[in-house]
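Heads up, the thing below is written out as structure tokens.
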Amino acid sequence: ITPAAERLIKEGVPLTPGQAMGGLPKVVESGLAAAPFMGRAIEEASKRATAKVNEVVVNSALKPIGKQIKKGLTGTDAIRAADEVIDNAYTLATESASLSYTQPVINAMKKAPKAISGLTERTVKESSEIIDSIIGKYIGKKKLSGAEIKELDSLLGQTSYQYLSPTGTVAEKNIGRAISEAQSAFRAEMLKQNPRNKKLLDAHSAFRQMKPIKDATNKALAEAGEFTPAQLLSSM
């Protein structure tokens, strides 16, 4: 059993032997799933594990801000709910924040598409153009107010989600991933320039813990927006 699987089991996730150990148990479990009667039982056990993984792992990431998502949410619904909670935490934190809108800050966001592996040159170019259009609104400002910080952060997040739609093409989803990476760079800069802002520290801690979960979800968007225990375990 892997350390990540052991951690989930301690949190109360009812992993099947195949999900927990992989290898031969997973092969045997997959074979039994194709058999009459046994298949339905294994499928139901797997579904229970998937739902519980979503809830337990997402809520664990939200602990720094003391919040939880609504019970029963899975896949992209769970991720969106968690993002809303984290966005609200950032909104409260940025009320008393400020940010010097220097060239290094701008460059960090501009470089985001190139940090995503597997993107074509065309996707990198399209992503960069979209990011430029968002951050360009603030070019010329020496310092952003709390309201402006939140506005820019929201624009990056909302645009990312538009491209990460489960019905979108692979290219569109990759654009969404690149814009999300630009938002990550911007949030890192928020924290760097406001290191004593406790609310911002907590919000950013939850955001960092959610990132691998979001990465696992984005990989599973083609599968009806659900991420499985196996996909999550591989990201932990």
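Each chain of the structure tokens is named A, B, ... in the order shown, its residues numbered from 1; ligands are numbered from 1 in display order.
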Could you give me, as a tab-separated table, every region 112-151 of chain A residue with an atom at most 10 Å from region 80-92 of chain A, plus its closest atom pair and distance in Å to one decimal, counting only C-alpha atoms, rows ordered by chain then number?
```
residue	atom	partner	partner_atom	distance
A:Gly146	CA	A:Thr91	CA	8.4
A:Ala147	CA	A:Thr91	CA	8.4
A:Ile149	CA	A:Thr91	CA	9.0
A:Lys150	CA	A:Thr91	CA	6.2
A:Glu151	CA	A:Thr91	CA	9.3
```
Would you give me, as CSV, each residue of region 177-223 of chain A having an atom within 12 Å of an atom of region 132-144 of chain A, along with its shortest atom pair and that distance in Å to one decimal, using only C-alpha atoms and sorting by chain and residue number?
```
residue,atom,partner,partner_atom,distance
A:Ile179,CA,A:Ile134,CA,9.9
A:Ala182,CA,A:Ile135,CA,9.9
A:Gln183,CA,A:Ile135,CA,10.5
A:Phe186,CA,A:Ile135,CA,10.2
A:Met190,CA,A:Leu144,CA,10.5
A:Gln193,CA,A:Lys143,CA,11.3
```
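Comparing A:Ala97, A:Val56, A:Ala178, A:Ala61 by their smallest distance to Leu73 (chain A), the closest is A:Val56 (using only C-alpha atoms).
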| field | Shell around Thr120 (chain A) at 12 Å using only C-alpha atoms, local window under 3 positions removed, as a VMD selection string | value | chain A and resid 113 to 114 116 to 117 123 to 127 170 to 172 174 to 175 178
| From A:Arg122, A:Leu201, A:Val58, A:Pro104, residue lying nearest Gly72 (chain A) [only C-alpha atoms] |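 Of all the options, A:Val58 lies closest to Gly72 (chain A).
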| task | as a VMD selection string, please: all residues of region 60-111 of chain A that backbone DSSP puts in helix (DSSP H, G or I). | result | chain A and resid 60 to 61 63 to 65 75 to 94 103 to 110
